[in-house]
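Have a look at final.txt below; it lists compact mmCIF, C-alpha atoms.
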```txt
# COMPACT_ATOMS: atom_id res chain seq x y z
CA MET A 1 -15.06 25.85 6.55
CA SER A 2 -18.03 27.06 8.56
CA ASP A 3 -20.32 24.11 7.86
CA GLN A 4 -17.91 21.62 9.43
CA LYS A 5 -19.43 19.51 12.17
CA ARG A 6 -17.53 19.70 15.44
CA ILE A 7 -17.11 16.19 16.85
CA LEU A 8 -15.90 15.60 20.41
CA THR A 9 -14.61 12.06 20.96
CA VAL A 10 -14.43 11.01 24.62
CA PHE A 11 -12.55 7.96 25.92
CA GLY A 12 -10.40 6.86 28.81
CA THR A 13 -8.97 3.35 28.54
CA ARG A 14 -6.60 1.46 26.31
CA PRO A 15 -9.33 -0.68 24.63
CA GLU A 16 -11.32 2.46 23.80
CA ALA A 17 -8.21 4.12 22.36
CA ILE A 18 -7.50 1.08 20.18
CA LYS A 19 -11.05 0.98 18.84
CA LEU A 20 -11.31 4.74 18.35
CA PHE A 21 -7.98 5.70 16.79
CA PRO A 22 -9.09 4.49 13.32
CA VAL A 23 -12.22 6.66 13.70
CA LEU A 24 -10.05 9.61 14.80
CA HIS A 25 -7.75 9.08 11.79
CA ALA A 26 -10.80 9.05 9.49
CA LEU A 27 -12.31 12.19 11.09
CA GLU A 28 -8.98 14.02 10.89
CA ALA A 29 -8.66 13.24 7.17
CA ASP A 30 -12.24 14.32 6.40
CA ALA A 31 -12.90 18.00 5.58
CA ARG A 32 -16.50 17.65 6.76
CA PHE A 33 -15.38 17.52 10.40
CA ASP A 34 -13.60 19.52 13.06
CA SER A 35 -12.36 16.75 15.35
CA ARG A 36 -11.71 17.38 19.05
CA ILE A 37 -10.50 14.79 21.58
CA CYS A 38 -11.01 14.45 25.34
CA VAL A 39 -9.44 11.64 27.39
CA SER A 40 -10.37 10.88 30.99
CA ALA A 41 -7.22 8.75 31.39
CA GLN A 42 -9.18 6.18 33.38
CA HIS A 43 -6.16 4.03 32.38
CA ARG A 44 -2.98 6.11 32.27
CA SER A 45 0.18 4.42 30.95
CA MET A 46 -1.78 1.82 28.98
CA LEU A 47 -3.78 4.58 27.28
CA ASP A 48 -0.73 6.73 26.53
CA SER A 49 1.12 3.98 24.68
CA VAL A 50 -1.78 3.59 22.21
CA LEU A 51 -2.05 7.36 21.68
CA GLU A 52 1.67 7.52 20.94
CA ILE A 53 1.70 4.63 18.45
CA ALA A 54 -1.40 5.94 16.66
CA GLY A 55 -0.19 9.55 16.59
CA VAL A 56 -3.26 10.85 18.47
CA GLN A 57 -2.94 14.03 20.57
CA PRO A 58 -5.84 14.82 22.92
CA HIS A 59 -6.99 18.43 23.26
CA HIS A 60 -8.17 17.72 26.83
CA ASP A 61 -6.65 15.26 29.31
CA LEU A 62 -8.53 14.95 32.61
CA ASP A 63 -6.00 12.54 34.19
CA LEU A 64 -8.61 11.00 36.48
CA MET A 65 -6.78 7.82 37.45
CA LYS A 66 -6.27 7.34 41.20
CA PRO A 67 -5.25 4.14 42.99
CA ASN A 68 -8.19 2.01 44.16
CA GLN A 69 -10.79 4.70 43.51
CA SER A 70 -14.40 3.57 43.77
CA LEU A 71 -16.67 3.39 40.73
CA ASP A 72 -18.90 6.16 42.08
CA ALA A 73 -15.93 8.49 42.71
CA LEU A 74 -14.61 7.83 39.19
CA THR A 75 -18.08 8.34 37.68
CA ALA A 76 -18.59 11.65 39.51
CA ALA A 77 -15.17 12.97 38.51
CA ALA A 78 -15.65 11.89 34.89
CA LEU A 79 -19.15 13.35 34.65
CA THR A 80 -18.18 16.81 35.91
CA GLY A 81 -14.78 16.86 34.16
CA ILE A 82 -16.14 15.82 30.75
CA GLY A 83 -19.13 18.15 31.19
CA ALA A 84 -16.79 21.13 31.63
CA VAL A 85 -14.99 20.18 28.41
CA MET A 86 -18.32 20.04 26.53
CA ASP A 87 -19.25 23.50 27.84
CA GLU A 88 -15.96 24.79 26.40
CA GLU A 89 -16.03 22.90 23.08
CA LYS A 90 -19.79 23.03 22.29
CA PRO A 91 -19.65 20.04 19.93
CA ASP A 92 -22.35 19.09 17.41
CA TRP A 93 -21.86 15.39 18.25
CA VAL A 94 -20.16 13.40 21.00
CA ILE A 95 -18.63 9.99 20.18
CA VAL A 96 -18.16 7.32 22.85
CA GLN A 97 -17.07 3.72 22.34
CA GLY A 98 -18.04 0.60 24.22
CA ASP A 99 -18.83 0.29 27.88
CA THR A 100 -16.44 1.87 30.37
CA THR A 101 -17.27 4.26 33.18
CA THR A 102 -15.89 7.05 30.96
CA VAL A 103 -18.35 6.05 28.22
CA MET A 104 -21.38 6.22 30.51
CA ALA A 105 -20.27 9.49 32.12
CA GLY A 106 -19.37 11.06 28.76
CA ALA A 107 -22.69 10.09 27.20
CA LEU A 108 -24.65 11.35 30.22
CA ALA A 109 -22.78 14.67 30.19
CA ALA A 110 -23.74 15.04 26.51
CA TYR A 111 -27.37 14.10 27.22
CA TYR A 112 -27.58 16.68 30.01
CA ARG A 113 -26.58 19.29 27.37
CA GLN A 114 -28.87 17.84 24.67
CA ILE A 115 -25.86 17.04 22.47
CA PRO A 116 -26.48 13.95 20.29
CA VAL A 117 -24.37 10.90 21.12
CA CYS A 118 -22.84 8.47 18.63
CA HIS A 119 -22.23 5.13 20.35
CA VAL A 120 -19.54 3.08 18.62
CA GLU A 121 -19.83 -0.67 19.32
CA ALA A 122 -23.46 -0.35 20.38
CA GLY A 123 -25.80 -3.21 21.22
CA LEU A 124 -23.49 -5.66 22.99
CA ARG A 125 -25.44 -7.56 25.64
CA SER A 126 -24.56 -10.49 27.88
CA GLY A 127 -28.00 -10.53 29.53
CA ASP A 128 -26.48 -10.45 33.03
CA ILE A 129 -26.05 -7.04 34.71
CA TYR A 130 -23.24 -8.39 36.91
CA ARG A 131 -21.24 -10.08 34.12
CA PRO A 132 -19.38 -8.11 32.88
CA TRP A 133 -19.71 -5.64 35.72
CA PRO A 134 -20.20 -2.66 35.51
CA GLU A 135 -19.89 -2.73 31.72
CA GLU A 136 -23.25 -4.36 30.96
CA VAL A 137 -25.19 -1.57 32.67
CA ASN A 138 -22.92 1.13 31.20
CA ARG A 139 -23.82 -0.14 27.71
CA LYS A 140 -27.54 -0.28 28.49
CA VAL A 141 -27.53 3.26 29.88
CA VAL A 142 -25.98 4.69 26.70
CA GLY A 143 -28.23 2.50 24.56
CA GLY A 144 -31.24 4.21 26.14
CA PHE A 145 -30.61 7.62 24.58
CA ALA A 146 -27.81 7.58 21.97
CA LYS A 147 -28.87 9.23 18.71
CA LEU A 148 -26.66 7.05 16.47
CA HIS A 149 -26.00 3.40 17.35
CA CYS A 150 -23.06 1.95 15.39
CA ALA A 151 -23.61 -1.76 15.94
CA PRO A 152 -20.64 -3.99 15.11
CA THR A 153 -22.82 -6.92 13.98
CA GLU A 154 -26.40 -7.78 13.07
CA THR A 155 -26.72 -9.61 16.44
CA ALA A 156 -25.89 -6.36 18.26
CA ALA A 157 -28.35 -4.43 16.09
CA ALA A 158 -31.07 -7.00 16.85
CA ALA A 159 -30.41 -6.62 20.60
CA LEU A 160 -31.03 -2.87 20.31
CA ARG A 161 -34.23 -3.38 18.31
CA ALA A 162 -35.41 -5.83 21.01
CA GLU A 163 -35.00 -2.96 23.53
CA ASN A 164 -37.27 -0.77 21.38
CA VAL A 165 -34.46 1.48 20.13
CA ASP A 166 -35.62 3.36 17.01
CA PRO A 167 -34.47 1.16 14.08
CA ALA A 168 -33.70 4.28 12.00
CA THR A 169 -30.88 5.14 14.46
CA ILE A 170 -29.23 1.67 14.31
CA HIS A 171 -26.57 0.91 11.68
CA VAL A 172 -24.37 -2.18 11.31
CA THR A 173 -20.86 -0.83 10.67
CA GLY A 174 -18.57 -3.72 11.62
CA ASN A 175 -16.16 -3.39 14.54
CA THR A 176 -13.46 -0.72 14.42
CA VAL A 177 -11.07 -3.09 16.24
CA ILE A 178 -10.57 -4.89 12.90
CA ASP A 179 -9.64 -1.54 11.28
CA ALA A 180 -7.14 -1.01 14.11
CA LEU A 181 -5.65 -4.49 13.80
CA HIS A 182 -5.18 -4.11 10.03
CA TRP A 183 -3.50 -0.74 10.60
CA VAL A 184 -1.13 -1.93 13.32
CA THR A 185 -0.23 -5.15 11.46
CA LYS A 186 0.85 -3.07 8.44
CA GLU A 187 2.69 -0.68 10.72
CA VAL A 188 4.65 -3.52 12.40
CA ALA A 189 5.45 -5.09 9.01
CA ALA A 190 6.90 -1.74 7.85
CA LYS A 191 8.67 -1.01 11.19
CA PRO A 192 9.58 -4.35 12.85
CA HIS A 193 11.27 -2.55 15.76
CA LEU A 194 7.78 -1.58 17.02
CA ALA A 195 7.23 -5.18 18.20
CA ALA A 196 10.81 -6.37 18.68
CA GLY A 197 10.43 -6.57 22.47
CA LEU A 198 9.07 -10.13 22.32
CA ALA A 199 11.99 -11.49 20.28
CA GLU A 200 13.92 -12.79 23.30
CA ILE A 201 10.90 -14.68 24.65
CA GLU A 202 10.13 -16.03 21.18
CA ASP A 203 13.70 -17.35 20.90
CA HIS A 204 13.53 -18.84 24.40
CA PHE A 205 10.30 -20.69 23.54
CA ALA A 206 11.33 -21.72 20.02
CA GLY A 207 9.74 -25.05 19.03
CA LYS A 208 6.91 -24.78 21.58
CA ARG A 209 3.31 -23.88 20.79
CA ILE A 210 2.50 -20.51 22.32
CA ILE A 211 -0.66 -19.90 24.32
CA GLY A 212 -1.27 -16.17 24.59
CA MET A 213 -3.18 -15.16 27.67
CA THR A 214 -4.93 -12.17 29.24
CA SER A 215 -7.06 -11.98 32.38
CA HIS A 216 -8.37 -8.93 34.18
CA ARG A 217 -12.18 -9.05 34.55
CA ARG A 218 -13.54 -7.71 37.85
CA GLU A 219 -16.08 -10.52 38.15
CA ASN A 220 -13.20 -13.05 38.07
CA PHE A 221 -11.35 -11.44 41.02
CA GLY A 222 -10.97 -13.85 43.93
CA ASP A 223 -12.02 -17.46 43.33
CA GLY A 224 -12.16 -17.10 39.55
CA MET A 225 -8.62 -15.73 39.33
CA GLU A 226 -7.35 -18.50 41.64
CA ALA A 227 -8.98 -21.14 39.41
CA ILE A 228 -7.51 -19.57 36.26
CA ALA A 229 -4.05 -19.64 37.85
CA ARG A 230 -4.50 -23.33 38.78
CA ALA A 231 -5.50 -24.13 35.21
CA VAL A 232 -2.45 -22.36 33.77
CA HIS A 233 -0.21 -24.19 36.24
CA GLU A 234 -1.60 -27.50 35.01
CA ILE A 235 -1.37 -26.58 31.31
CA ALA A 236 2.25 -25.56 31.90
CA ALA A 237 3.01 -29.18 32.86
CA ARG A 238 2.91 -29.95 29.12
CA LYS A 239 6.39 -29.88 27.60
CA ASP A 240 5.16 -28.84 24.13
CA VAL A 241 3.62 -25.50 25.14
CA ALA A 242 4.66 -22.14 26.53
CA ILE A 243 2.35 -19.49 27.97
CA ILE A 244 2.99 -15.79 27.45
CA PHE A 245 0.91 -13.81 29.90
CA PRO A 246 1.07 -9.99 30.00
CA VAL A 247 -0.16 -9.53 33.57
CA HIS A 248 -2.65 -6.73 34.18
CA LEU A 249 -1.51 -4.03 36.62
CA ASN A 250 -4.46 -4.61 38.98
CA PRO A 251 -3.20 -6.11 42.27
CA ASN A 252 -6.19 -8.50 42.30
CA VAL A 253 -4.64 -10.12 39.23
CA ARG A 254 -0.93 -9.65 39.93
CA SER A 255 -0.82 -11.05 43.46
CA VAL A 256 -2.58 -14.30 42.47
CA MET A 257 -0.61 -14.91 39.27
CA ASN A 258 2.76 -14.11 40.83
CA GLU A 259 2.07 -16.42 43.75
CA LYS A 260 0.89 -19.36 41.62
CA LEU A 261 2.91 -19.06 38.41
CA ALA A 262 6.18 -17.21 39.05
CA GLY A 263 9.21 -19.40 38.41
CA LEU A 264 7.58 -21.90 36.02
CA ASP A 265 9.97 -22.59 33.13
CA ASN A 266 7.46 -22.30 30.32
CA VAL A 267 5.30 -19.45 31.68
CA ALA A 268 6.43 -15.91 30.90
CA LEU A 269 4.71 -13.43 33.23
CA ILE A 270 5.47 -10.13 31.53
CA GLU A 271 4.45 -6.50 31.85
CA PRO A 272 1.35 -5.33 29.93
CA LEU A 273 2.13 -4.98 26.22
CA ASP A 274 1.65 -1.94 24.05
CA TYR A 275 -0.58 -2.40 21.03
CA PRO A 276 2.04 -3.43 18.43
CA HIS A 277 3.50 -6.02 20.81
CA PHE A 278 0.02 -7.31 21.62
CA ALA A 279 -0.70 -7.69 17.89
CA ARG A 280 2.58 -9.63 17.68
CA LEU A 281 1.50 -11.89 20.57
CA LEU A 282 -1.77 -12.65 18.73
CA ASP A 283 0.23 -13.44 15.62
CA ILE A 284 2.63 -15.94 17.26
CA SER A 285 0.03 -17.64 19.48
CA THR A 286 -1.61 -20.97 18.67
CA ILE A 287 -4.52 -20.31 21.07
CA MET A 288 -5.69 -17.23 22.96
CA LEU A 289 -6.92 -17.82 26.52
CA THR A 290 -8.70 -14.71 27.76
CA ASP A 291 -11.50 -13.08 29.73
CA SER A 292 -11.21 -9.91 27.62
CA GLY A 293 -13.85 -8.67 25.22
CA GLY A 294 -11.60 -7.24 22.52
CA VAL A 295 -9.50 -10.38 22.13
CA GLN A 296 -12.67 -12.28 21.16
CA GLU A 297 -12.85 -9.98 18.11
CA GLU A 298 -9.15 -9.55 17.30
CA ALA A 299 -7.86 -13.13 17.48
CA PRO A 300 -10.29 -14.54 14.85
CA ALA A 301 -9.07 -11.87 12.39
CA LEU A 302 -5.70 -13.69 12.54
CA GLY A 303 -7.23 -17.20 12.60
CA LYS A 304 -6.55 -17.87 16.30
CA PRO A 305 -9.09 -19.87 18.37
CA VAL A 306 -10.24 -18.06 21.52
CA LEU A 307 -11.15 -19.79 24.79
CA VAL A 308 -13.15 -17.30 26.86
CA MET A 309 -12.77 -17.63 30.64
CA ARG A 310 -16.19 -16.19 31.43
CA GLU A 311 -19.67 -17.56 32.09
CA THR A 312 -21.32 -15.20 29.59
CA THR A 313 -20.23 -13.10 26.65
CA GLU A 314 -21.71 -10.00 25.10
CA ARG A 315 -20.06 -11.14 21.85
CA PRO A 316 -22.09 -14.29 21.10
CA GLU A 317 -21.32 -13.93 17.38
CA GLY A 318 -17.87 -15.44 17.94
CA VAL A 319 -19.33 -18.43 19.77
CA GLN A 320 -22.00 -18.88 17.08
CA ALA A 321 -19.43 -18.58 14.27
CA GLY A 322 -17.13 -21.06 16.03
CA THR A 323 -14.17 -18.69 16.50
CA ALA A 324 -14.62 -18.59 20.30
CA LYS A 325 -15.76 -20.97 23.03
CA LEU A 326 -16.96 -20.12 26.55
CA VAL A 327 -15.01 -22.15 29.12
CA GLY A 328 -15.85 -20.26 32.34
CA THR A 329 -13.45 -20.24 35.27
CA ASP A 330 -13.57 -23.94 36.17
CA ALA A 331 -9.92 -25.02 36.18
CA ASP A 332 -10.66 -28.56 34.92
CA LYS A 333 -12.75 -27.26 32.03
CA ILE A 334 -10.11 -24.72 30.98
CA VAL A 335 -7.42 -27.40 30.97
CA HIS A 336 -9.64 -29.85 29.08
CA GLU A 337 -10.55 -27.36 26.32
CA VAL A 338 -6.93 -26.26 25.87
CA ASN A 339 -5.86 -29.89 25.57
CA VAL A 340 -8.58 -30.60 22.98
CA LEU A 341 -7.31 -27.78 20.76
CA LEU A 342 -3.69 -28.82 21.20
CA ASP A 343 -4.29 -32.53 20.58
CA ASP A 344 -7.16 -32.63 18.07
CA GLU A 345 -6.20 -31.07 14.75
CA THR A 346 -9.77 -31.23 13.40
CA ALA A 347 -11.15 -29.35 16.42
CA TYR A 348 -8.38 -26.78 16.07
CA GLU A 349 -8.91 -26.20 12.35
CA ALA A 350 -12.67 -25.86 12.81
CA MET A 351 -12.09 -22.85 15.09
CA ALA A 352 -9.08 -21.40 13.27
CA ARG A 353 -10.85 -21.37 9.90
CA ALA A 354 -14.26 -20.15 11.06
CA HIS A 355 -15.37 -16.85 9.50
CA ASN A 356 -14.67 -13.79 11.67
CA PRO A 357 -18.08 -12.18 12.21
CA PHE A 358 -16.74 -8.84 13.45
CA GLY A 359 -16.07 -6.92 10.26
CA ASP A 360 -14.00 -6.11 7.18
CA GLY A 361 -11.77 -3.25 8.34
CA HIS A 362 -13.89 -0.39 6.93
CA ALA A 363 -16.07 0.40 9.97
CA SER A 364 -14.46 3.80 10.67
CA GLN A 365 -15.29 5.24 7.25
CA ARG A 366 -18.88 4.02 7.57
CA ILE A 367 -19.16 5.80 10.95
CA CYS A 368 -17.83 9.06 9.48
CA ASP A 369 -20.31 8.88 6.60
CA LEU A 370 -23.18 8.32 9.06
CA LEU A 371 -22.10 11.33 11.13
CA ALA A 372 -21.88 13.49 8.01
CA ARG A 373 -25.46 12.56 7.07
```

Encoded form using structure tokens:
Amino acid sequence: MSDQKRILTVFGTRPEAIKLFPVLHALEADARFDSRICVSAQHRSMLDSVLEIAGVQPHHDLDLMKPNQSLDALTAAALTGIGAVMDEEKPDWVIVQGDTTTVMAGALAAYYRQIPVCHVEAGLRSGDIYRPWPEEVNRKVVGGFAKLHCAPTETAAAALRAENVDPATIHVTGNTVIDALHWVTKEVAAKPHLAAGLAEIEDHFAGKRIIGMTSHRRENFGDGMEAIARAVHEIAARKDVAIIFPVHLNPNVRSVMNEKLAGLDNVALIEPLDYPHFARLLDISTIMLTDSGGVQEEAPALGKPVLVMRETTERPEGVQAGTAKLVGTDADKIVHEVNVLLDDETAYEAMARAHNPFGDGHASQRICDLLAR
């Protein structure tokens, strides 16, 4: 069909893959589009596991990941690599999602070729260019010239309007991560073996309340990570809880957590989880303790309170709705807030039952319809 629009979707990390596979499924099923996929592989194994589960096969794989590469080296490699793919594919639109180095480089490569950019999850702002770093500036760069801003919430849309982005280009679509979570939850229900890898830990911790945990933010490396480890050590002194912590591959995280937490009876330091297993961890957890962005959106969809170990968040909707609370990286504060949720049923229920502000699971179709227009 000659009037199909050719769409090139560019991404490089596991979170981008999770939030884009529902969009890719929708594009693939829609006769209005010729969908092409380029991955930078800014994350390698963590990206591949999502692609496999979701049945997504990239047409271009730049395989850019190198140990300890600097942000400028990664940016340069991504910019030239993705640019070469665009010269070959000549897309009508380029889709990027979120705020990684791949997103900024992919959007810039499109801009340099005057190809319109669709920014999925547009308008997130923390107000601090060093928290999260470098993500806050990556988002602002793309926000400066994208042609279609798919804002997950009205708050995100308002942030773009405050930066004088043309209101006609801003659309509130909901967050595609909710689409992804609905899809994977159904998939795991139909094929339990996809998330059976946690069964042994679940049995071992039977009768305890599970705290699911993730921590990997660059701005928490060093003192912040040490304080988080101290907090977990103290929480683990409670006999009624167990902590399941898939430890990020970054040595700045691993070295600290292994030193402080290895060998504790009720702390399971495990390898990073693929997406179905992570959805399972969300499901079995009483509380999520995290410095991640995506978890702030996913956990409320399953009624799980989120304590955010950061000073700022670019997802204030969760805090406003009561599904998330900022606790920073002060060990005493983290411990106190965990204890409040574990010991005060009213406080727990207030967070668990708060309305999830991040969407209804139909964001991907809305994005396709906008692109078609």

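Residue nearest A:Ala180, chosen from A:Ala229, A:Val253, A:Val23, A:Leu51 and counting only C-alpha atoms: A:Val23.
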
>> Restricting the calculation to all atoms listed in the file: of A:Gly83, A:Gly263, A:Pro300, A:Pro272, which residue gets closest to A:Leu198?
In response: A:Pro272

> At most 12 Å from (-12.2, -15.5, 39.8), file frame, all atoms listed in the file: which residues, as a PyMOL selection string?
Replying inline: chain A and resi 131+215-231+252-253+256-257+291+309-311+328-331

Take the residues from that selection and write them out as a PDB file, in the frame of the given file, keeping C-alpha atoms.
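out11.pdb, written as the output of this step:
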```pdb
ATOM      1  CA  ARG A 131     -21.240 -10.080  34.120  1.00  0.00           C
ATOM      2  CA  SER A 215      -7.060 -11.980  32.380  1.00  0.00           C
ATOM      3  CA  HIS A 216      -8.370  -8.930  34.180  1.00  0.00           C
ATOM      4  CA  ARG A 217     -12.180  -9.050  34.550  1.00  0.00           C
ATOM      5  CA  ARG A 218     -13.540  -7.710  37.850  1.00  0.00           C
ATOM      6  CA  GLU A 219     -16.080 -10.520  38.150  1.00  0.00           C
ATOM      7  CA  ASN A 220     -13.200 -13.050  38.070  1.00  0.00           C
ATOM      8  CA  PHE A 221     -11.350 -11.440  41.020  1.00  0.00           C
ATOM      9  CA  GLY A 222     -10.970 -13.850  43.930  1.00  0.00           C
ATOM     10  CA  ASP A 223     -12.020 -17.460  43.330  1.00  0.00           C
ATOM     11  CA  GLY A 224     -12.160 -17.100  39.550  1.00  0.00           C
ATOM     12  CA  MET A 225      -8.620 -15.730  39.330  1.00  0.00           C
ATOM     13  CA  GLU A 226      -7.350 -18.500  41.640  1.00  0.00           C
ATOM     14  CA  ALA A 227      -8.980 -21.140  39.410  1.00  0.00           C
ATOM     15  CA  ILE A 228      -7.510 -19.570  36.260  1.00  0.00           C
ATOM     16  CA  ALA A 229      -4.050 -19.640  37.850  1.00  0.00           C
ATOM     17  CA  ARG A 230      -4.500 -23.330  38.780  1.00  0.00           C
ATOM     18  CA  ALA A 231      -5.500 -24.130  35.210  1.00  0.00           C
ATOM     19  CA  ASN A 252      -6.190  -8.500  42.300  1.00  0.00           C
ATOM     20  CA  VAL A 253      -4.640 -10.120  39.230  1.00  0.00           C
ATOM     21  CA  VAL A 256      -2.580 -14.300  42.470  1.00  0.00           C
ATOM     22  CA  MET A 257      -0.610 -14.910  39.270  1.00  0.00           C
ATOM     23  CA  ASP A 291     -11.500 -13.080  29.730  1.00  0.00           C
ATOM     24  CA  MET A 309     -12.770 -17.630  30.640  1.00  0.00           C
ATOM     25  CA  ARG A 310     -16.190 -16.190  31.430  1.00  0.00           C
ATOM     26  CA  GLU A 311     -19.670 -17.560  32.090  1.00  0.00           C
ATOM     27  CA  GLY A 328     -15.850 -20.260  32.340  1.00  0.00           C
ATOM     28  CA  THR A 329     -13.450 -20.240  35.270  1.00  0.00           C
ATOM     29  CA  ASP A 330     -13.570 -23.940  36.170  1.00  0.00           C
ATOM     30  CA  ALA A 331      -9.920 -25.020  36.180  1.00  0.00           C
TER      31      ALA A 331
END
```

> Any idea what's packed within 10 Å of stretch 275-277 of chain A, counting all atoms listed in the file, ignoring anything in its chain fewer than 6 positions away? Could you give it as a list in words?
Replying inline: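 Residues near the query, excluding close chain neighbours: Arg14, Pro15, Ile18, Met46, Leu47, Ser49, Val50, Leu51, Ile53, Ala54, Ala180, Leu181, Trp183, Val184, Thr185, Glu187, Val188, Pro192, His193, Leu194, Ala195, Ala196, Gly197, Leu198 and Asp283 of chain A.
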
> In Å, with one decimal, what is the gap from atom CA of A:Gly127 to atom CA of A:Leu74?
Replying inline: 24.7 Å

>> With distances taken over all atoms listed in the file, which residue among A:Val103, A:Leu371, A:Leu264, A:Ala17 lies nearest A:Arg139?
In response: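 Checking each of A:Val103, A:Leu371, A:Leu264, A:Ala17 against A:Arg139, counting all atoms listed in the file, the winner is A:Val103.
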
> Just how far from atom CA of A:Leu282 is atom CA of A:Ala299, in Å to one decimal?
Replying inline: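 Computed distance, atom CA of A:Ala299 to atom CA of A:Leu282, equals 6.2 Å.
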
>> If I take atom CA of A:Thr13 and atom CA of A:Lys186, how far is one from the other in Å, to one decimal?
In response: 23.3 Å

>> With distances taken over all atoms listed in the file, which residue among A:His182, A:Arg161, A:Lys140, A:Lys90 lies nearest A:Arg6?
In response: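 The shortest atom-to-atom distance to A:Arg6 comes from A:Lys90.
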
Kindly complete stretch 93-104 of chain A to N, CA, C and O atoms; the output should be written as a PDB file, keeping the file's coordinate frame.
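Wrote out.pdb, looks like this:
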```
ATOM      1  N   TRP A  93     -21.683  16.818  17.917  1.00  0.00           N
ATOM      2  CA  TRP A  93     -21.860  15.390  18.250  1.00  0.00           C
ATOM      3  C   TRP A  93     -20.799  14.999  19.274  1.00  0.00           C
ATOM      4  O   TRP A  93     -19.684  15.540  19.265  1.00  0.00           O
ATOM      5  N   VAL A  94     -21.142  14.037  20.106  1.00  0.00           N
ATOM      6  CA  VAL A  94     -20.160  13.400  21.000  1.00  0.00           C
ATOM      7  C   VAL A  94     -20.082  11.922  20.618  1.00  0.00           C
ATOM      8  O   VAL A  94     -21.117  11.258  20.457  1.00  0.00           O
ATOM      9  N   ILE A  95     -18.849  11.423  20.458  1.00  0.00           N
ATOM     10  CA  ILE A  95     -18.630   9.990  20.180  1.00  0.00           C
ATOM     11  C   ILE A  95     -18.099   9.324  21.438  1.00  0.00           C
ATOM     12  O   ILE A  95     -17.153   9.820  22.064  1.00  0.00           O
ATOM     13  N   VAL A  96     -18.714   8.200  21.808  1.00  0.00           N
ATOM     14  CA  VAL A  96     -18.160   7.320  22.850  1.00  0.00           C
ATOM     15  C   VAL A  96     -18.086   5.910  22.276  1.00  0.00           C
ATOM     16  O   VAL A  96     -18.768   5.593  21.295  1.00  0.00           O
ATOM     17  N   GLN A  97     -17.265   5.080  22.871  1.00  0.00           N
ATOM     18  CA  GLN A  97     -17.070   3.720  22.340  1.00  0.00           C
ATOM     19  C   GLN A  97     -17.171   2.706  23.462  1.00  0.00           C
ATOM     20  O   GLN A  97     -16.446   2.787  24.454  1.00  0.00           O
ATOM     21  N   GLY A  98     -18.080   1.741  23.317  1.00  0.00           N
ATOM     22  CA  GLY A  98     -18.040   0.600  24.220  1.00  0.00           C
ATOM     23  C   GLY A  98     -18.776   0.804  25.521  1.00  0.00           C
ATOM     24  O   GLY A  98     -19.928   1.250  25.544  1.00  0.00           O
ATOM     25  N   ASP A  99     -18.070   0.566  26.655  1.00  0.00           N
ATOM     26  CA  ASP A  99     -18.830   0.290  27.880  1.00  0.00           C
ATOM     27  C   ASP A  99     -18.128   0.649  29.175  1.00  0.00           C
ATOM     28  O   ASP A  99     -18.480   0.150  30.229  1.00  0.00           O
ATOM     29  N   THR A 100     -17.145   1.543  29.131  1.00  0.00           N
ATOM     30  CA  THR A 100     -16.440   1.870  30.370  1.00  0.00           C
ATOM     31  C   THR A 100     -17.201   2.917  31.180  1.00  0.00           C
ATOM     32  O   THR A 100     -18.181   3.500  30.716  1.00  0.00           O
ATOM     33  N   THR A 101     -16.698   3.195  32.365  1.00  0.00           N
ATOM     34  CA  THR A 101     -17.270   4.260  33.180  1.00  0.00           C
ATOM     35  C   THR A 101     -17.169   5.599  32.456  1.00  0.00           C
ATOM     36  O   THR A 101     -18.088   6.424  32.509  1.00  0.00           O
ATOM     37  N   THR A 102     -16.059   5.823  31.757  1.00  0.00           N
ATOM     38  CA  THR A 102     -15.890   7.050  30.960  1.00  0.00           C
ATOM     39  C   THR A 102     -16.989   7.168  29.904  1.00  0.00           C
ATOM     40  O   THR A 102     -17.526   8.255  29.663  1.00  0.00           O
ATOM     41  N   VAL A 103     -17.331   6.054  29.262  1.00  0.00           N
ATOM     42  CA  VAL A 103     -18.350   6.050  28.220  1.00  0.00           C
ATOM     43  C   VAL A 103     -19.694   6.491  28.799  1.00  0.00           C
ATOM     44  O   VAL A 103     -20.383   7.375  28.256  1.00  0.00           O
ATOM     45  N   MET A 104     -20.083   5.880  29.906  1.00  0.00           N
ATOM     46  CA  MET A 104     -21.380   6.220  30.510  1.00  0.00           C
ATOM     47  C   MET A 104     -21.393   7.680  30.944  1.00  0.00           C
ATOM     48  O   MET A 104     -22.354   8.418  30.670  1.00  0.00           O
TER      49      MET A 104
END
```
